[in-house]
Amino acid sequence: HCTMVQAKENGLPADLGRCGKALKTPHQKDEDGRPDMLRLSKPRTPSKHNPATRWTPEDVPEKFFNLYKYCVDDVLTERDIHYACKPITKNERKIYLLDQKINDRGWMVDLKSIDDVQFLIDEYKKRIVEKMIKLCGLKPTQTQALAEWIRQQGVDIPNLQAQTVEDYLKKKDQPQEVRWALRMYSLHNMKAPAKYTAMERAVCSDGALRGMFNFYGASTGRWSSRIVQLQNLFRPVIDDPEFAIELFNERELAVIKLWFEKNPMKVFASCVRGMLIPRIGHDLLFADFSSIEARIVAWMANAIDKLKIFRTHGLVYEYTASKIWGHPLDLASLKRFKKEHPDLRFLGKIAELAFGYQGGQAAGVKMAKQFGADLDDERANEVKWSWRSANPEIVAMWDNVNDAAKLAVLQPGTTQQAHRLAFRVVGDYLYMRLPSGRKLAYYKPQIKNDELRYWGVDTYTRQWSLCKTYGGKLVQNAAEGIARDLMVAGMFNLYRRGIYPILGTVHDEIITEPKEGKGSVKEVEELMTQPLRWAKGLPVKAVGERCKRYKK
């Protein structure tokens, strides 16, 4: 039984100290003992007068006393949280136990190829350092000094944070030396290749990574990642990462530059997924729920036209674009539209992903940027209003769900329903009941300035604070929660089948490891999409692949 899981299912912080403070438990975590805990749990550097590699109670008795007190307070705080929280449901405990089996099994990594790519990364970084020293006398790790050098070149850059560097690289009027220095700085400090180091550091003696998946990592119940952070992997910019991994074996940068037009560092970053492999005699077989949240939103809103699209050809981005720009909607026209108007189809995709949860023009600009496109504020605002005009059922759903949640807070003890969801306040919590029967918890809800607020972990600051929510955000929570419940049902179907050991989940994808010649992509897709009583009428589709290296 895990107290952290119990807290997260109750909408509380996962961190023990913050959770205790939120609940005002009788015992609180001893923060003063943390420095001593960190010191005593790590090796010490031997010295001439003391060759020992560990501290002992004889050396520093007062620090060990602080450590013991720290541990006692941790246990007492955990116990208080256990009794203060509603117990984890029986069904969630079954899922948690399955999660533990998944994390214990682990996922194999290709250590030889990781060693090869690390060699190439080190070589490329050395060249960057040499060129930057020649240009400005500084290394790319000297952030403050480099920022000052750039200012001396007449560019008033505020800092060298990743987003700032990206924005300044888009400015065509920058001095050539500054643009080059910013680009080299960005490549040298690129985060994606650091996942190779994380893999090497965390791998077990049998070549497997374990403990990568964090149960109930999101408030909606979805898994999150740790160690390698599989949920935010770099989007590949090359077509064939497997071929690139084969080339890494030669350990020649010139070979990488010969075969790929992209910068070597981006080639390296594109291959992180490919380092995750099956055990000998097994395959990787993974399947992803196709456009699952968009399908769920259409189902919740009873958007008839969009549901018809999902139940047939599934060209939802083409459909969205055609609705916005007034093109014919028959299947033949949509297929032609996909080929003849790729730019409009792309805008349809951005609109569908950015505006389905009441997002504004900033959401459109941000979504376009994630796909490597530029969309200015004015154009994003036009697309937003066009999308809303084309999706009146979804727009109405935002208001209805928001009104139901607020009314439940204003009238504690009553149940307010809207679009397959039910809201009710019980004690300190506002509960949103999903169609599966699972409940999402919002701690200490209140209405302030006609807005619904609750205590939670802020999406941007990651701090425990009073958060504001609204119809579109509640719909997003519901859709993500429903998608998670569908995935869990699929996971248990695969687990019970007996030949699909589960390695983990990434967003709406389930990764399994069957033996060679056992099982099939079709069967996995069918097991993941078996009809559920509570999801009647929801058009669910899964698309799978079988291979020897993980890929997107």
# chains A, B, ... in the order shown; residues from 1 in each chain; ligands from 1
$ select_by_dssp --residues "region 225-371 of chain A" --states "alpha helix (DSSP H)" --output "ChimeraX atom specification"
/A:241-248,253-259,264-269,292-301,304-311,316-325,331-340,342-355,361-370
$ residues_around --residues "region 439-450 of chain A" --least-positions-apart "3" --cutoff "9 Å" --atoms "only C-alpha atoms" --output "PyMOL selection string"
chain A and resi 9-12+219-221+406+409-410+425+427-434+436+453-456+477-478+481
$ atom_distance --atom1 "CA of Gly437 (chain A)" --atom2 "CA of Cys19 (chain A)"
25.6 Å
$ residues_around --residues "Gly207 (chain A)" --least-positions-apart "6" --cutoff "10 Å" --atoms "only C-alpha atoms" --output "ChimeraX atom specification"
/A:106-111,199-200,279
$ residues_around --residues "Asp30 (chain A)" --least-positions-apart "2" --cutoff "12 Å" --atoms "only C-alpha atoms" --output "PDB file with all heavy atoms, in the first residue's frame"
ATOM      1  N   LEU A  16       5.778  14.419   0.191  1.00  0.00           N
ATOM      2  CA  LEU A  16       5.342  14.145   1.565  1.00  0.00           C
ATOM      3  C   LEU A  16       5.185  15.422   2.382  1.00  0.00           C
ATOM      4  O   LEU A  16       4.182  15.610   3.080  1.00  0.00           O
ATOM      5  CB  LEU A  16       6.351  13.201   2.247  1.00  0.00           C
ATOM      6  CG  LEU A  16       5.989  12.739   3.661  1.00  0.00           C
ATOM      7  CD1 LEU A  16       4.740  11.885   3.659  1.00  0.00           C
ATOM      8  CD2 LEU A  16       7.157  11.966   4.278  1.00  0.00           C
ATOM      9  N   GLY A  17       6.158  16.321   2.303  1.00  0.00           N
ATOM     10  CA  GLY A  17       6.099  17.542   3.085  1.00  0.00           C
ATOM     11  C   GLY A  17       4.925  18.419   2.698  1.00  0.00           C
ATOM     12  O   GLY A  17       4.181  18.905   3.557  1.00  0.00           O
ATOM     13  N   ARG A  18       4.748  18.640   1.384  1.00  0.00           N
ATOM     14  CA  ARG A  18       3.657  19.496   0.920  1.00  0.00           C
ATOM     15  C   ARG A  18       2.293  18.866   1.194  1.00  0.00           C
ATOM     16  O   ARG A  18       1.326  19.571   1.476  1.00  0.00           O
ATOM     17  CB  ARG A  18       3.816  19.804  -0.568  1.00  0.00           C
ATOM     18  CG  ARG A  18       4.974  20.733  -0.873  1.00  0.00           C
ATOM     19  CD  ARG A  18       4.904  21.280  -2.278  1.00  0.00           C
ATOM     20  NE  ARG A  18       5.050  20.232  -3.287  1.00  0.00           N
ATOM     21  CZ  ARG A  18       4.929  20.446  -4.589  1.00  0.00           C
ATOM     22  NH1 ARG A  18       4.657  21.657  -5.041  1.00  0.00           N
ATOM     23  NH2 ARG A  18       5.086  19.460  -5.452  1.00  0.00           N
ATOM     24  N   GLY A  20       1.562  16.841   3.742  1.00  0.00           N
ATOM     25  CA  GLY A  20       1.293  17.009   5.172  1.00  0.00           C
ATOM     26  C   GLY A  20       0.825  18.417   5.495  1.00  0.00           C
ATOM     27  O   GLY A  20      -0.105  18.613   6.291  1.00  0.00           O
ATOM     28  N   LYS A  21       1.452  19.415   4.848  1.00  0.00           N
ATOM     29  CA  LYS A  21       1.050  20.808   5.082  1.00  0.00           C
ATOM     30  C   LYS A  21      -0.356  21.072   4.550  1.00  0.00           C
ATOM     31  O   LYS A  21      -1.148  21.788   5.161  1.00  0.00           O
ATOM     32  CB  LYS A  21       2.045  21.752   4.430  1.00  0.00           C
ATOM     33  CG  LYS A  21       3.398  21.790   5.130  1.00  0.00           C
ATOM     34  CD  LYS A  21       4.396  22.683   4.396  1.00  0.00           C
ATOM     35  CE  LYS A  21       5.751  22.664   5.091  1.00  0.00           C
ATOM     36  NZ  LYS A  21       6.764  23.468   4.346  1.00  0.00           N
ATOM     37  N   HIS A  27       1.556  15.513  12.596  1.00  0.00           N
ATOM     38  CA  HIS A  27       3.010  15.457  12.428  1.00  0.00           C
ATOM     39  C   HIS A  27       3.370  16.031  11.068  1.00  0.00           C
ATOM     40  O   HIS A  27       2.668  15.798  10.082  1.00  0.00           O
ATOM     41  CB  HIS A  27       3.511  14.014  12.537  1.00  0.00           C
ATOM     42  CG  HIS A  27       3.285  13.398  13.877  1.00  0.00           C
ATOM     43  ND1 HIS A  27       2.158  12.646  14.165  1.00  0.00           N
ATOM     44  CD2 HIS A  27       4.015  13.428  15.015  1.00  0.00           C
ATOM     45  CE1 HIS A  27       2.215  12.245  15.417  1.00  0.00           C
ATOM     46  NE2 HIS A  27       3.330  12.703  15.960  1.00  0.00           N
ATOM     47  N   GLN A  28       4.466  16.762  11.006  1.00  0.00           N
ATOM     48  CA  GLN A  28       4.938  17.363   9.768  1.00  0.00           C
ATOM     49  C   GLN A  28       6.352  16.874   9.467  1.00  0.00           C
ATOM     50  O   GLN A  28       7.124  16.560  10.369  1.00  0.00           O
ATOM     51  CB  GLN A  28       4.939  18.890   9.884  1.00  0.00           C
ATOM     52  CG  GLN A  28       3.554  19.510  10.037  1.00  0.00           C
ATOM     53  CD  GLN A  28       2.773  19.510   8.739  1.00  0.00           C
ATOM     54  OE1 GLN A  28       3.276  19.875   7.693  1.00  0.00           O
ATOM     55  NE2 GLN A  28       1.512  19.075   8.815  1.00  0.00           N
ATOM     56  N   ASP A  32      14.353  20.324   8.479  1.00  0.00           N
ATOM     57  CA  ASP A  32      15.686  20.676   8.980  1.00  0.00           C
ATOM     58  C   ASP A  32      16.660  19.509   8.898  1.00  0.00           C
ATOM     59  O   ASP A  32      17.880  19.707   8.829  1.00  0.00           O
ATOM     60  CB  ASP A  32      15.584  21.156  10.437  1.00  0.00           C
ATOM     61  CG  ASP A  32      14.836  22.485  10.548  1.00  0.00           C
ATOM     62  OD1 ASP A  32      14.776  23.204   9.537  1.00  0.00           O
ATOM     63  OD2 ASP A  32      14.325  22.780  11.648  1.00  0.00           O
ATOM     64  N   GLY A  33      16.130  18.286   8.930  1.00  0.00           N
ATOM     65  CA  GLY A  33      17.012  17.124   8.892  1.00  0.00           C
ATOM     66  C   GLY A  33      17.429  16.711   7.497  1.00  0.00           C
ATOM     67  O   GLY A  33      18.281  15.833   7.333  1.00  0.00           O
ATOM     68  N   ARG A  34      16.871  17.340   6.481  1.00  0.00           N
ATOM     69  CA  ARG A  34      17.164  16.939   5.103  1.00  0.00           C
ATOM     70  C   ARG A  34      18.648  17.053   4.733  1.00  0.00           C
ATOM     71  O   ARG A  34      19.204  16.117   4.139  1.00  0.00           O
ATOM     72  CB  ARG A  34      16.296  17.744   4.135  1.00  0.00           C
ATOM     73  CG  ARG A  34      16.544  17.420   2.672  1.00  0.00           C
ATOM     74  CD  ARG A  34      15.579  18.165   1.756  1.00  0.00           C
ATOM     75  NE  ARG A  34      15.927  18.022   0.368  1.00  0.00           N
ATOM     76  CZ  ARG A  34      15.667  16.953  -0.375  1.00  0.00           C
ATOM     77  NH1 ARG A  34      15.033  15.931   0.172  1.00  0.00           N
ATOM     78  NH2 ARG A  34      16.020  16.876  -1.636  1.00  0.00           N
ATOM     79  N   PRO A  35      19.317  18.161   5.035  1.00  0.00           N
ATOM     80  CA  PRO A  35      20.739  18.253   4.665  1.00  0.00           C
ATOM     81  C   PRO A  35      21.580  17.119   5.262  1.00  0.00           C
ATOM     82  O   PRO A  35      22.468  16.566   4.588  1.00  0.00           O
ATOM     83  CB  PRO A  35      21.167  19.613   5.227  1.00  0.00           C
ATOM     84  CG  PRO A  35      19.903  20.411   5.281  1.00  0.00           C
ATOM     85  CD  PRO A  35      18.842  19.420   5.645  1.00  0.00           C
ATOM     86  N   ASP A  36      21.307  16.758   6.516  1.00  0.00           N
ATOM     87  CA  ASP A  36      22.067  15.669   7.145  1.00  0.00           C
ATOM     88  C   ASP A  36      21.727  14.335   6.488  1.00  0.00           C
ATOM     89  O   ASP A  36      22.598  13.479   6.305  1.00  0.00           O
ATOM     90  CB  ASP A  36      21.766  15.619   8.637  1.00  0.00           C
ATOM     91  CG  ASP A  36      22.377  16.807   9.378  1.00  0.00           C
ATOM     92  OD1 ASP A  36      23.429  17.304   8.932  1.00  0.00           O
ATOM     93  OD2 ASP A  36      21.788  17.242  10.382  1.00  0.00           O
ATOM     94  N   MET A  37      20.455  14.126   6.130  1.00  0.00           N
ATOM     95  CA  MET A  37      20.061  12.891   5.444  1.00  0.00           C
ATOM     96  C   MET A  37      20.819  12.749   4.125  1.00  0.00           C
ATOM     97  O   MET A  37      21.357  11.678   3.804  1.00  0.00           O
ATOM     98  CB  MET A  37      18.545  12.896   5.199  1.00  0.00           C
ATOM     99  CG  MET A  37      18.017  11.686   4.436  1.00  0.00           C
ATOM    100  SD  MET A  37      18.115  11.821   2.632  1.00  0.00           S
ATOM    101  CE  MET A  37      16.929  13.126   2.315  1.00  0.00           C
ATOM    102  N   ASN A  66      20.018  13.611  14.045  1.00  0.00           N
ATOM    103  CA  ASN A  66      19.101  14.358  13.179  1.00  0.00           C
ATOM    104  C   ASN A  66      18.506  13.456  12.098  1.00  0.00           C
ATOM    105  O   ASN A  66      17.328  13.587  11.729  1.00  0.00           O
ATOM    106  CB  ASN A  66      19.832  15.525  12.515  1.00  0.00           C
ATOM    107  CG  ASN A  66      20.213  16.611  13.506  1.00  0.00           C
ATOM    108  OD1 ASN A  66      19.630  16.692  14.589  1.00  0.00           O
ATOM    109  ND2 ASN A  66      21.192  17.432  13.152  1.00  0.00           N
ATOM    110  N   LEU A  67      19.324  12.530  11.579  1.00  0.00           N
ATOM    111  CA  LEU A  67      18.838  11.589  10.566  1.00  0.00           C
ATOM    112  C   LEU A  67      17.745  10.694  11.144  1.00  0.00           C
ATOM    113  O   LEU A  67      16.705  10.481  10.514  1.00  0.00           O
ATOM    114  CB  LEU A  67      19.996  10.734  10.046  1.00  0.00           C
ATOM    115  CG  LEU A  67      19.613   9.570   9.124  1.00  0.00           C
ATOM    116  CD1 LEU A  67      19.020  10.092   7.818  1.00  0.00           C
ATOM    117  CD2 LEU A  67      20.818   8.682   8.834  1.00  0.00           C
ATOM    118  N   TYR A  68      17.974  10.154  12.343  1.00  0.00           N
ATOM    119  CA  TYR A  68      16.978   9.261  12.958  1.00  0.00           C
ATOM    120  C   TYR A  68      15.667  10.014  13.201  1.00  0.00           C
ATOM    121  O   TYR A  68      14.575   9.501  12.931  1.00  0.00           O
ATOM    122  CB  TYR A  68      17.501   8.703  14.276  1.00  0.00           C
ATOM    123  CG  TYR A  68      18.808   7.938  14.170  1.00  0.00           C
ATOM    124  CD1 TYR A  68      19.726   7.900  15.221  1.00  0.00           C
ATOM    125  CD2 TYR A  68      19.137   7.259  12.988  1.00  0.00           C
ATOM    126  CE1 TYR A  68      20.920   7.204  15.122  1.00  0.00           C
ATOM    127  CE2 TYR A  68      20.333   6.569  12.883  1.00  0.00           C
ATOM    128  CZ  TYR A  68      21.222   6.541  13.947  1.00  0.00           C
ATOM    129  OH  TYR A  68      22.399   5.864  13.841  1.00  0.00           O
ATOM    130  N   LYS A  69      15.792  11.241  13.681  1.00  0.00           N
ATOM    131  CA  LYS A  69      14.589  12.049  13.928  1.00  0.00           C
ATOM    132  C   LYS A  69      13.863  12.323  12.612  1.00  0.00           C
ATOM    133  O   LYS A  69      12.630  12.276  12.548  1.00  0.00           O
ATOM    134  CB  LYS A  69      14.984  13.366  14.605  1.00  0.00           C
ATOM    135  CG  LYS A  69      13.790  14.265  14.947  1.00  0.00           C
ATOM    136  CD  LYS A  69      14.243  15.532  15.652  1.00  0.00           C
ATOM    137  CE  LYS A  69      13.047  16.424  15.998  1.00  0.00           C
ATOM    138  NZ  LYS A  69      12.307  16.873  14.811  1.00  0.00           N
ATOM    139  N   TYR A  70      14.633  12.594  11.563  1.00  0.00           N
ATOM    140  CA  TYR A  70      14.068  12.852  10.236  1.00  0.00           C
ATOM    141  C   TYR A  70      13.254  11.642   9.759  1.00  0.00           C
ATOM    142  O   TYR A  70      12.140  11.787   9.249  1.00  0.00           O
ATOM    143  CB  TYR A  70      15.212  13.156   9.267  1.00  0.00           C
ATOM    144  CG  TYR A  70      14.819  13.376   7.831  1.00  0.00           C
ATOM    145  CD1 TYR A  70      14.456  14.636   7.368  1.00  0.00           C
ATOM    146  CD2 TYR A  70      14.852  12.318   6.918  1.00  0.00           C
ATOM    147  CE1 TYR A  70      14.123  14.839   6.043  1.00  0.00           C
ATOM    148  CE2 TYR A  70      14.513  12.516   5.589  1.00  0.00           C
ATOM    149  CZ  TYR A  70      14.150  13.778   5.157  1.00  0.00           C
ATOM    150  OH  TYR A  70      13.824  13.971   3.830  1.00  0.00           O
ATOM    151  N   CYS A  71      13.813  10.448   9.935  1.00  0.00           N
ATOM    152  CA  CYS A  71      13.135   9.222   9.493  1.00  0.00           C
ATOM    153  C   CYS A  71      11.871   8.955  10.322  1.00  0.00           C
ATOM    154  O   CYS A  71      10.837   8.556   9.771  1.00  0.00           O
ATOM    155  CB  CYS A  71      14.088   8.031   9.586  1.00  0.00           C
ATOM    156  SG  CYS A  71      15.470   8.115   8.429  1.00  0.00           S
ATOM    157  N   VAL A  72      11.956   9.165  11.617  1.00  0.00           N
ATOM    158  CA  VAL A  72      10.784   8.965  12.480  1.00  0.00           C
ATOM    159  C   VAL A  72       9.660   9.918  12.072  1.00  0.00           C
ATOM    160  O   VAL A  72       8.496   9.518  11.937  1.00  0.00           O
ATOM    161  CB  VAL A  72      11.155   9.170  13.967  1.00  0.00           C
ATOM    162  CG1 VAL A  72       9.895   9.240  14.830  1.00  0.00           C
ATOM    163  CG2 VAL A  72      12.059   8.033  14.443  1.00  0.00           C
ATOM    164  N   ASP A  73       9.998  11.190  11.847  1.00  0.00           N
ATOM    165  CA  ASP A  73       8.984  12.168  11.450  1.00  0.00           C
ATOM    166  C   ASP A  73       8.364  11.811  10.105  1.00  0.00           C
ATOM    167  O   ASP A  73       7.172  12.017   9.883  1.00  0.00           O
ATOM    168  CB  ASP A  73       9.592  13.569  11.383  1.00  0.00           C
ATOM    169  CG  ASP A  73       9.857  14.142  12.766  1.00  0.00           C
ATOM    170  OD1 ASP A  73       9.259  13.642  13.731  1.00  0.00           O
ATOM    171  OD2 ASP A  73      10.661  15.081  12.883  1.00  0.00           O
ATOM    172  N   ASP A  74       9.166  11.269   9.181  1.00  0.00           N
ATOM    173  CA  ASP A  74       8.637  10.825   7.887  1.00  0.00           C
ATOM    174  C   ASP A  74       7.550   9.773   8.081  1.00  0.00           C
ATOM    175  O   ASP A  74       6.476   9.843   7.476  1.00  0.00           O
ATOM    176  CB  ASP A  74       9.764  10.244   7.028  1.00  0.00           C
ATOM    177  CG  ASP A  74      10.360  11.283   6.090  1.00  0.00           C
ATOM    178  OD1 ASP A  74      10.122  12.481   6.315  1.00  0.00           O
ATOM    179  OD2 ASP A  74      11.052  10.891   5.136  1.00  0.00           O
ATOM    180  N   VAL A  75       7.843   8.791   8.907  1.00  0.00           N
ATOM    181  CA  VAL A  75       6.894   7.693   9.124  1.00  0.00           C
ATOM    182  C   VAL A  75       5.616   8.197   9.790  1.00  0.00           C
ATOM    183  O   VAL A  75       4.502   7.827   9.406  1.00  0.00           O
ATOM    184  CB  VAL A  75       7.541   6.569   9.969  1.00  0.00           C
ATOM    185  CG1 VAL A  75       6.508   5.512  10.326  1.00  0.00           C
ATOM    186  CG2 VAL A  75       8.710   5.950   9.220  1.00  0.00           C
ATOM    187  N   LEU A  76       5.770   9.062  10.784  1.00  0.00           N
ATOM    188  CA  LEU A  76       4.595   9.598  11.470  1.00  0.00           C
ATOM    189  C   LEU A  76       3.735  10.448  10.524  1.00  0.00           C
ATOM    190  O   LEU A  76       2.506  10.382  10.554  1.00  0.00           O
ATOM    191  CB  LEU A  76       5.031  10.434  12.674  1.00  0.00           C
ATOM    192  CG  LEU A  76       5.711   9.662  13.812  1.00  0.00           C
ATOM    193  CD1 LEU A  76       6.202  10.621  14.886  1.00  0.00           C
ATOM    194  CD2 LEU A  76       4.758   8.633  14.420  1.00  0.00           C
ATOM    195  N   THR A  77       4.388  11.217   9.663  1.00  0.00           N
ATOM    196  CA  THR A  77       3.649  12.037   8.694  1.00  0.00           C
ATOM    197  C   THR A  77       2.929  11.148   7.681  1.00  0.00           C
ATOM    198  O   THR A  77       1.776  11.399   7.331  1.00  0.00           O
ATOM    199  CB  THR A  77       4.591  13.004   7.961  1.00  0.00           C
ATOM    200  OG1 THR A  77       5.313  13.782   8.920  1.00  0.00           O
ATOM    201  CG2 THR A  77       3.824  13.934   7.043  1.00  0.00           C
TER     202      THR A  77
END
$ residues_around --residues "region 367-371 of chain A" --least-positions-apart "2" --cutoff "10 Å" --atoms "only C-alpha atoms" --output "PyMOL selection string"
chain A and resi 235+346-347+349-351+353-355+361-365+373-376+380
$ write_last_selection --atoms "N, CA, C and O atoms" --output "CSV table (one decimal), in the first residue's frame"
chain,number,residue,atom,x,y,z
A,235,ARG,N,11.0,14.7,-30.8
A,235,ARG,CA,10.3,14.3,-32.0
A,235,ARG,C,11.4,14.0,-33.1
A,235,ARG,O,12.1,15.0,-33.5
A,346,PHE,N,-2.8,20.8,-42.3
A,346,PHE,CA,-1.9,21.0,-41.1
A,346,PHE,C,-2.6,22.0,-40.1
A,346,PHE,O,-2.5,21.8,-38.9
A,347,LEU,N,-3.2,23.1,-40.7
A,347,LEU,CA,-3.8,24.0,-39.8
A,347,LEU,C,-5.0,23.4,-39.1
A,347,LEU,O,-5.4,23.7,-38.0
A,349,LYS,N,-5.2,20.3,-38.2
A,349,LYS,CA,-4.6,19.5,-37.1
A,349,LYS,C,-4.3,20.4,-35.9
A,349,LYS,O,-4.6,20.1,-34.7
A,350,ILE,N,-3.6,21.6,-36.2
A,350,ILE,CA,-3.3,22.5,-35.1
A,350,ILE,C,-4.6,23.0,-34.4
A,350,ILE,O,-4.7,23.0,-33.1
A,351,ALA,N,-5.6,23.3,-35.2
A,351,ALA,CA,-6.9,23.8,-34.6
A,351,ALA,C,-7.5,22.7,-33.7
A,351,ALA,O,-8.0,23.0,-32.6
A,353,LEU,N,-6.1,20.2,-32.1
A,353,LEU,CA,-5.3,19.9,-30.9
A,353,LEU,C,-5.3,21.1,-29.9
A,353,LEU,O,-5.2,21.0,-28.7
A,354,ALA,N,-5.3,22.4,-30.5
A,354,ALA,CA,-5.2,23.5,-29.7
A,354,ALA,C,-6.5,24.1,-29.1
A,354,ALA,O,-6.5,24.6,-28.0
A,355,PHE,N,-7.6,23.9,-29.8
A,355,PHE,CA,-8.8,24.6,-29.4
A,355,PHE,C,-9.9,23.7,-28.8
A,355,PHE,O,-10.9,24.2,-28.4
A,361,GLN,N,-5.9,32.1,-28.6
A,361,GLN,CA,-5.0,32.3,-29.7
A,361,GLN,C,-3.6,31.8,-29.2
A,361,GLN,O,-2.8,31.3,-30.0
A,362,ALA,N,-3.2,32.1,-28.0
A,362,ALA,CA,-1.9,31.7,-27.5
A,362,ALA,C,-1.7,30.2,-27.6
A,362,ALA,O,-0.6,29.7,-27.9
A,363,ALA,N,-2.8,29.4,-27.4
A,363,ALA,CA,-2.7,27.9,-27.5
A,363,ALA,C,-2.4,27.5,-28.9
A,363,ALA,O,-1.7,26.6,-29.2
A,364,GLY,N,-3.0,28.3,-29.9
A,364,GLY,CA,-2.8,28.0,-31.3
A,364,GLY,C,-1.3,28.3,-31.7
A,364,GLY,O,-0.7,27.5,-32.4
A,365,VAL,N,-0.8,29.4,-31.2
A,365,VAL,CA,0.6,29.8,-31.5
A,365,VAL,C,1.5,28.7,-30.9
A,365,VAL,O,2.5,28.3,-31.5
A,373,ALA,N,6.1,25.1,-36.8
A,373,ALA,CA,5.5,26.0,-37.7
A,373,ALA,C,5.3,27.4,-37.0
A,373,ALA,O,5.2,27.4,-35.7
A,374,ASP,N,5.1,28.4,-37.8
A,374,ASP,CA,4.9,29.8,-37.2
A,374,ASP,C,3.4,30.1,-37.5
A,374,ASP,O,3.0,30.0,-38.6
A,375,LEU,N,2.8,30.6,-36.4
A,375,LEU,CA,1.4,31.1,-36.6
A,375,LEU,C,1.3,32.3,-35.7
A,375,LEU,O,1.4,32.3,-34.5
A,376,ASP,N,1.1,33.5,-36.4
A,376,ASP,CA,1.0,34.7,-35.6
A,376,ASP,C,-0.3,34.8,-34.8
A,376,ASP,O,-1.2,34.1,-35.1
A,380,ALA,N,-3.9,33.0,-35.6
A,380,ALA,CA,-4.3,32.0,-34.6
A,380,ALA,C,-5.7,32.4,-34.1
A,380,ALA,O,-6.5,31.5,-33.9
$ closest_residue --among "A:Gln100, A:Thr461, A:Asn402, A:Thr312" --to "His1 (chain A)" --atoms "only C-alpha atoms"
A:Gln100
$ residues_around --residues "region 87-89 of chain A" --least-positions-apart "4" --cutoff "12 Å" --atoms "only C-alpha atoms" --output "ChimeraX atom specification"
/A:1-11,81-83,93-96,216,437-439
$ residues_around --residues "region 503-507 of chain A" --least-positions-apart "3" --cutoff "10 Å" --atoms "only C-alpha atoms" --output "ChimeraX atom specification"
/A:99,101-108,210-214,222-225,229-233,278,284-289,480,483-484,487-488,491,500,510-513
$ closest_residue --among "A:Thr197, A:Gln142, A:Asn381, A:Gln411" --to "Asp122 (chain A)" --atoms "only C-alpha atoms"
A:Thr197
$ closest_residue --among "A:Ile394, A:Leu452, A:Pro514, A:Glu242" --to "Ala408 (chain A)" --atoms "only C-alpha atoms"
A:Leu452
$ closest_residue --among "A:Ala244, A:Ile296, A:Ala321, A:Val426" --to "Pro539 (chain A)" --atoms "only C-alpha atoms"
A:Ile296
$ atom_distance --atom1 "CA of Ala198 (chain A)" --atom2 "CA of Ile227 (chain A)"
6.3 Å
$ closest_residue --among "A:Cys271, A:Glu78, A:Trp534, A:Asp59" --to "Thr25 (chain A)" --atoms "only C-alpha atoms"
A:Glu78
$ closest_residue --among "A:Asp156, A:Ile121, A:Trp387, A:Gly137" --to "Ile256 (chain A)" --atoms "only C-alpha atoms"
A:Ile121
$ select_by_dssp --residues "region 313-429 of chain A" --states "strand (DSSP E or B)" --output "list in words"
Gln416, Gln417, Ala418, Leu421, Ala422, Phe423, Arg424, Val425, Val426 and Tyr429 of chain A
$ write_last_selection --atoms "C-alpha atoms" --output "short mmCIF file (atom, residue, chain, number, x, y, z; two decimals), in the first residue's frame"
data_model
loop_
_atom_site.label_atom_id
_atom_site.label_comp_id
_atom_site.auth_asym_id
_atom_site.auth_seq_id
_atom_site.Cartn_x
_atom_site.Cartn_y
_atom_site.Cartn_z
CA GLN A 416 -25.08 17.82 -10.97
CA GLN A 417 -24.79 16.05 -14.31
CA ALA A 418 -23.56 17.20 -17.71
CA LEU A 421 -20.10 13.49 -16.13
CA ALA A 422 -21.45 13.96 -12.61
CA PHE A 423 -20.22 16.46 -9.99
CA ARG A 424 -20.76 16.30 -6.23
CA VAL A 425 -19.13 17.88 -3.18
CA VAL A 426 -18.44 15.53 -0.28
CA TYR A 429 -13.63 17.51 -2.11
#
$ decode --residues "region 396-413 of chain A" --atoms "C-alpha atoms" --output "compact mmCIF listing (two decimals), in the first residue's frame"
# COMPACT_ATOMS: atom_id res chain seq x y z
CA ALA A 396 -21.79 24.39 -25.61
CA MET A 397 -20.34 21.47 -23.63
CA TRP A 398 -17.67 23.70 -22.06
CA ASP A 399 -20.34 25.97 -20.60
CA ASN A 400 -22.58 23.11 -19.47
CA VAL A 401 -19.77 21.27 -17.67
CA ASN A 402 -18.56 24.49 -16.05
CA ASP A 403 -22.08 25.34 -14.82
CA ALA A 404 -22.61 21.83 -13.42
CA ALA A 405 -19.33 21.89 -11.48
CA LYS A 406 -20.00 25.36 -10.05
CA LEU A 407 -23.55 24.44 -9.05
CA ALA A 408 -22.27 21.34 -7.24
CA VAL A 409 -19.94 23.58 -5.21
CA LEU A 410 -22.71 26.07 -4.44
CA GLN A 411 -25.08 23.27 -3.41
CA PRO A 412 -22.94 20.71 -1.48
CA GLY A 413 -24.44 17.24 -1.34
